[in-house]
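Have a look at the structure below before the remarks.
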Amino acid sequence: YVLIVCYGPVFEDQPVETIYPEESPEAKITMSCRARANPPATYQWRLNSQSIDLDGDNHYTLVGGDLVISNPIKNKHVGNYSCVATNDYGTVVSREAGVRFGYLDFFSSEEREAVHVKEGQGAVLLCAPPPHYPHELSFRWILNEFPIFITLDKRRFVSQTTGNLYISKVDLSDSGNYSCFVSSASIAKSVFSKFIPLVPLTERWKYPADIKVKFPDTYALVGQNVTMECFALGNPIPQIRWKKMNGELPSNHDVSMAGAHLHLYNVQYEDEGTYECEALNSKGKDWHRARVSVEAFPEWTESINSTEKDISSDYTMSCVASGKPKPHVQWLKNSYYDKRDLRFSGLTFKDSGMYQCIAENRHGVIYANAELRVIACAPTFEHNPVKWRILGAKNGRVVIECKPKAAPKPSFSWSKGTELLFNSTRVLIWEDGSLEILNVTEADEGRYTCFAENNRGQANSTGSLSITEATKITLAPSNADVTVGENTHMQCAASHDSTLDITFVWTLDAHTIDIDREGSHYERNLQLPYQNGGSSGELLIKNTQLKHSGRYTCTAQTPVDNVTASANLVVRGPPGSPGGVRVEEIRDKSVRLIWSRGTDNHSPISKYTIQCRDSFSQEDWRDATTSPPDVEGNAESATVVDLFPWTEYEFRVIATNTLGTGDPSSPSPKVTTLEAVPVVAPSDIGGGGTSRELTITWTPVQPQYYYGRNFGYIIAFKPRDGYEWRKVTVADPGAKHYVHKDSSILASTEFEVKVKAFNSKGEGPYSLMAVIYSAQDVPSKAPTSVGARALSATEAIVWWLPVTQHTVEGYQVRYWRKAEDSETSSQRVVLSSRENRTRLDNMRPDSHYLIEVKAYNAAGYGPPSQHLQIYTKKAPPSRPPKIISKKLKGTSVNIAWEHVEPLANESTIDGYKVLYRQASKSTGTLFNTGKRSIDLPMHKDGDYIVEVRAYSEGGDGAVAQIRISGNTSIKYQRNTFTKMYKAPF
C-alpha cells in the first residue's frame, strides 16, 4: 500500500517589502506566496487586513499563490499585504509586507545664489534634496562638470544625512561651481541640482573648531551597523576625536573619512551609551554628545511545533519571545485571532487546526506556525511492533517495550506463552506499557505478548526473549600520577558472551573520548584475544597535558549489557593563571596588588612574578619591581614600586612552580598613580637671537615624566654680567621654544639660560645652564670660488671656498634647469658648516643647469654666490646588449653580444660591464671590457647569472641577463630590459 501523509499549509515563500518606482517601465507588482500542503492549499490575499476581491478588481491576478498587481495605482494599491493559505487541515496567514511607491523628484530649476567666503574660513553648501521616497539617499557633489566629483578628505565632508557639503577651511583652489548629486538606490535614479558658485575672497584668518555636522540620538538594533557623523569647520583644519563616555570605544568600531565617520559594527547591548566627538585645532575646540540606545527585533526563545495529540488528553501551547522593547504576543487559529489561553484540557476534534503565534514590537513582527491534530484510533502495532528477538544478560535487567499507536491511551497486559503476568518483586508492567524483568535467568526465556486495549478496539504483538552470559570486568584500570608531557596507560579487559560483539568506550569525567578525533593524545591498545576468551580495551595516553587529568571510566558493552570500572589520573604541571587581580592603596610611585590563587596543578607554587604596562607602551609588558623583591608562592598580595606618578597602569600576575611558569592572569583594571612634583628637566637648552628678539629653545620633557596635570615650563634668563634672573611661564607641555622680544637688546649679547618643568604639584629642578647670543645677523658674505662638473646624466659635483664668518651654521645649494624650471621649484641640498662640497642627484639628462650656494645661520640666509652653469651628460643607452652566443671552453664559458648602437639623444658607448654572480645573490664579480665577449670561469655547483650592460659618460645602460647552470649546461633566459641611468654596481 502507499502511505499518504496529509498535513496543513506550511509557508515556503512569503511576500516581502516592495518599493515600486513610479517611473517603472514594467507596469506590475508581484507579491510572492507559496505553501507546502497536502492536499494542496488554496490562496487568498488581504490588504490592510481586509480580504481582496480578486474577481471584482481587474488590477489583481492570482498566479499560483502569487498576487500580481497590474498597472498599479498609488492611492489604491499602497498598503500592507498578507497571503492566506488554506486546505482541509486549516489556514495560515503570512507575514505582512508593504507596497510603497518610490520616487525622486527633480531639483528646482531656480538658479542657486553664489556663496562668498573668506580664504581660511569655513563654508557650508546646502543640498536641499527634492521630495523623495524612500528616505535613504546617497549624496556626492559635482565640481564644474559631470562626472567630476570632489574628493573627500579631512578638509571636505559630505553628510549622508542632509547631503550638505562642508569645507572646514576654504582655499583659493576651492573656487568653482558645485552641484549636489543625489541617488536613490531603491529606484535606481539620480538627479543633480543647479550649480552653486563658490567664490573665495583672499583674506586669511584663523578661528577655532566649530562642529557643524552633529549626529543625533540614535536607536540601533542588535546586530546592525551604525554610522555616526561629525564634522567641524575651523582654521587650522580641526582634528576629530571620538570617545565613549564612562568607557572605551567598542572593539568592533572603525573610524573613516579622516575621523568624520564613526562606524559601530554588529552592535550589541553593551555598546549602548553616550558617545562624544571632539573637534580641536590650535585656536580652540568644540564637542558634541549624543546617545546610542540599543534595542532588538523580536526573537523566539520558545516556540511551537506541529504535533499530534490523543483525543481527551491535555495539552499546552507556549510561545515566548525576547526583544527590546518586550514584544507583545498574539495567537491566531486558522488565520483568525484567538484570545484564549492555549491550555487544552480534554482535547476534542474541534481543537485541530493551524495555529500561529505572533510576536511584535516597534521594530518588527515574527511568526511561528504549527498544526495541532487531535486523533482517535484503536490500538495498532502496524508501524511499531514488539521487538521480535530480545536479548538479556544473565542476572541482569530486561525491558521489553510496547508502544502501539492508540488514542485514547490504551490499557496494557502481558503474557509469557499462555501464562498471564502480574506485577511482582521481579516483574513490573510500566504505565507506558513496557515490561521490566529483574535478575533474569535461563528460566525466563520464552515468548512474551503485549495486549493493548482502548474504547475503540484492541491489538497484541509478540517477541522472544533469549538469555546470554553477563559481561564482567576482568582487569580494571589503576590510578596513575604523571608530569605534563609524559605517556601513561589505563588498562581494561572484560569477559563476555562468545556470541556477542564487545566494544570498549572510554570517558574522561563523563565526557566520551573520541579516539579518532583526539589521536594526537589517545590511542587504543587492542590485544586479541585476552585471557580466557576475553577482550582488552587498554587506553594509551600520549604527551599528557593538564586537561587530561580526571577520572577515566572504561565501559565494556555488548548489545545486551555493559559494565564499567574507573581510575584517577593526576597530571602535574606548571600552575594555572591567578585570578581576580585588583589594585588598592594607590600612591604616586607605588600600588598594592591583590590576587587570588590559581590552580597549582598538583605542584606547589614557589613564586609569583608581577608585570605591568603603562599607557605609553600599550603592547609591552615588563617585570615590575616589588617590595619585597621576591614574592613567595603563598602570597596573595604585593607592593609594586618604582612607578611613574600620574601614569595609567595595568598589572598581571604569573605563578611559577618546580615544573615551570604558567599563563599570566587577565590584566587588572586600569588605574592612574597619584600626581607628584616633576623630577626631569628639559634638555638641549639653546637658542639665539635675531633683530630685537631672543629665542630660547629646548627639548620638551616626554609625557611619562609630566607627573601631573597642568604641566608646563619656567624659563629663566639673564645677561651674563647681570644679577637678576628674568622668569617666564609657558603652559604648553609640547612647547619647544620661547621668543623674548626687546628692542633694547644689543647685538651679540651673551645670555645665561635655564629651564625647568612644573605641574599642579609644584616645580622640578632646573636644567643645566646654557649660554646663547642675541641679535645674530644673517651671514653677510657669499661663498666664493664655486666650481662644478657633471658626473653623469643625472649627477654632478659642486664645491666652494667656505665663508669665514664664525656665525655661519651651514650652506644651502640650489640647482634648477635654466629654461624648463622656475627658480622657486629648484632642488635643494642643505649641509653643515664643516662641508664645502656635495653631490647633486636626480638631475635630467642632457640639460642646462644653474647652481647657486648660500651660507645660513639661525637668522636666515646670506647672499647667494654667482650662478654657475653646467650641462649634464646625455642619457646612457636605453637598449640592452643582445647576447648572441654562449660557448663552453673547457673550464670556462664564453659569452658574446652585439654592439649597442646609442640613439641620437644617448651618450657614446665607452665599453661594457659584466657582473658574474650566484643566482641567489645580488652581488658578485664585476668585469670591465672594451670587447664584445668575455670568458668566465665555470662553477661545478649552483646556478649563476651573467648581467651585461653598456656604459658611457652618461652612466650605465639597460641590462641583459643569462643563466648558467652548474651542471655544465647553459640555460637561456629572455633578456630583461631595465632602463636606468645609474647601475646598481
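Chain identifiers are assigned as A, B, and so on, following the order in which chains appear in the C-alpha cells; residues are numbered from 1 within each chain, and ligands are numbered from 1 in order of appearance.
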Residues of segment 100-210 of chain A that approach segment 236-259 of chain A to 7 Å or less, counting only C-alpha atoms: could you list each one with the shortest pair of atoms and its distance in Å to one decimal, rows by chain and increasing residue number, as a tab-separated table?
residue	atom	partner	partner_atom	distance
A:Asp153	CA	A:Ala258	CA	6.1
A:Lys154	CA	A:Ala258	CA	4.8
A:Arg155	CA	A:Ile237	CA	6.4
A:Ser168	CA	A:Ile237	CA	6.1
A:Lys169	CA	A:Ile237	CA	6.2
A:Lys206	CA	A:Pro236	CA	6.6
A:Ala209	CA	A:Pro238	CA	5.7
Dump as a tab-separated table (two decimals), in the first residue's frame, selection limited to N, CA, C and O atoms:
chain	number	residue	atom	x	y	z
A	153	ASP	N	38.15	64.50	2.05
A	153	ASP	CA	39.35	64.34	2.87
A	153	ASP	C	39.08	65.01	4.21
A	153	ASP	O	37.92	65.29	4.55
A	154	LYS	N	40.13	65.27	4.98
A	154	LYS	CA	39.93	65.86	6.31
A	154	LYS	C	39.42	67.30	6.22
A	154	LYS	O	38.93	67.85	7.20
A	155	ARG	N	39.51	67.92	5.03
A	155	ARG	CA	39.07	69.31	4.86
A	155	ARG	C	37.66	69.40	4.29
A	155	ARG	O	36.95	70.37	4.50
A	168	SER	N	35.99	72.75	5.79
A	168	SER	CA	36.41	73.29	7.09
A	168	SER	C	37.23	74.56	6.93
A	168	SER	O	37.14	75.48	7.74
A	169	LYS	N	38.05	74.62	5.87
A	169	LYS	CA	38.91	75.79	5.65
A	169	LYS	C	39.01	75.99	4.15
A	169	LYS	O	39.57	75.17	3.43
A	206	LYS	N	42.32	82.96	11.10
A	206	LYS	CA	42.20	81.69	11.82
A	206	LYS	C	41.07	81.79	12.83
A	206	LYS	O	40.82	82.86	13.40
A	209	ALA	N	37.80	75.54	16.17
A	209	ALA	CA	36.96	74.46	15.66
A	209	ALA	C	35.50	74.71	16.02
A	209	ALA	O	35.18	75.14	17.13
Give me, as a list in words, all polymer residues having an atom no more than 7 Å from Val778 of chain A, counting only C-alpha atoms and skipping those fewer than 3 positions away in the same chain.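 Near Val778 of chain A, the qualifying residues are Tyr856, Asn857, Ala859, Gly860, Tyr861 and Gly862 of chain A.
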Please dump the current selection as a PDB file, in the first residue's frame; keep all heavy atoms.
ATOM      1  N   TYR A 856      74.119  80.112   5.706  1.00  0.00           N
ATOM      2  CA  TYR A 856      72.976  80.453   6.549  1.00  0.00           C
ATOM      3  C   TYR A 856      73.330  80.278   8.019  1.00  0.00           C
ATOM      4  O   TYR A 856      74.306  79.605   8.384  1.00  0.00           O
ATOM      5  CB  TYR A 856      71.758  79.588   6.199  1.00  0.00           C
ATOM      6  CG  TYR A 856      71.853  78.162   6.663  1.00  0.00           C
ATOM      7  CD1 TYR A 856      71.462  77.790   7.956  1.00  0.00           C
ATOM      8  CD2 TYR A 856      72.353  77.178   5.827  1.00  0.00           C
ATOM      9  CE1 TYR A 856      71.550  76.485   8.384  1.00  0.00           C
ATOM     10  CE2 TYR A 856      72.457  75.861   6.248  1.00  0.00           C
ATOM     11  CZ  TYR A 856      72.049  75.519   7.526  1.00  0.00           C
ATOM     12  OH  TYR A 856      72.149  74.219   7.948  1.00  0.00           O
ATOM     13  N   ASN A 857      72.530  80.913   8.886  1.00  0.00           N
ATOM     14  CA  ASN A 857      72.559  80.674  10.331  1.00  0.00           C
ATOM     15  C   ASN A 857      71.136  80.806  10.848  1.00  0.00           C
ATOM     16  O   ASN A 857      70.188  80.863  10.052  1.00  0.00           O
ATOM     17  CB  ASN A 857      73.533  81.621  11.039  1.00  0.00           C
ATOM     18  CG  ASN A 857      73.174  83.087  10.832  1.00  0.00           C
ATOM     19  OD1 ASN A 857      72.034  83.420  10.478  1.00  0.00           O
ATOM     20  ND2 ASN A 857      74.139  83.985  11.051  1.00  0.00           N
ATOM     21  N   ALA A 859      69.550  83.203  11.883  1.00  0.00           N
ATOM     22  CA  ALA A 859      68.873  84.425  11.477  1.00  0.00           C
ATOM     23  C   ALA A 859      68.386  84.360  10.032  1.00  0.00           C
ATOM     24  O   ALA A 859      67.539  85.146   9.629  1.00  0.00           O
ATOM     25  CB  ALA A 859      69.802  85.626  11.647  1.00  0.00           C
ATOM     26  N   GLY A 860      68.916  83.457   9.239  1.00  0.00           N
ATOM     27  CA  GLY A 860      68.463  83.331   7.858  1.00  0.00           C
ATOM     28  C   GLY A 860      69.613  83.067   6.910  1.00  0.00           C
ATOM     29  O   GLY A 860      70.722  82.678   7.306  1.00  0.00           O
ATOM     30  N   TYR A 861      69.328  83.271   5.618  1.00  0.00           N
ATOM     31  CA  TYR A 861      70.307  83.000   4.562  1.00  0.00           C
ATOM     32  C   TYR A 861      71.063  84.265   4.181  1.00  0.00           C
ATOM     33  O   TYR A 861      70.504  85.379   4.134  1.00  0.00           O
ATOM     34  CB  TYR A 861      69.603  82.454   3.320  1.00  0.00           C
ATOM     35  CG  TYR A 861      69.058  81.060   3.519  1.00  0.00           C
ATOM     36  CD1 TYR A 861      67.717  80.847   3.788  1.00  0.00           C
ATOM     37  CD2 TYR A 861      69.899  79.952   3.436  1.00  0.00           C
ATOM     38  CE1 TYR A 861      67.213  79.581   3.980  1.00  0.00           C
ATOM     39  CE2 TYR A 861      69.410  78.674   3.624  1.00  0.00           C
ATOM     40  CZ  TYR A 861      68.070  78.488   3.896  1.00  0.00           C
ATOM     41  OH  TYR A 861      67.589  77.222   4.083  1.00  0.00           O
ATOM     42  N   GLY A 862      72.369  84.094   3.864  1.00  0.00           N
ATOM     43  CA  GLY A 862      73.180  85.187   3.361  1.00  0.00           C
ATOM     44  C   GLY A 862      73.007  85.353   1.866  1.00  0.00           C
ATOM     45  O   GLY A 862      72.188  84.674   1.232  1.00  0.00           O
TER      46      GLY A 862
END
Residue nearest Trp45 of chain A among A:Tyr811, A:Tyr81, A:Tyr337, A:Phe344 (counting only C-alpha atoms): A:Tyr81
Among segment 408-640 of chain A, which residues does DSSP mark as helix (DSSP H, G or I) when it is run on the backbone? Keep the chain and numbering as in the structure and answer as a PyMOL selection string. chain A and resi 442-444+546-548
Would you list the contacts of Asp623 of chain A as a VMD selection string, taking every protein, DNA or RNA residue within 9 Å and counting only C-alpha atoms, but skipping same-chain residues closer than 6 positions in sequence? chain A and resid 609 to 613
Atom CA of Ser833 of chain A to atom CA of His740 of chain A: how many Å, to one decimal?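 Distance between the two atoms: 27.2 Å.
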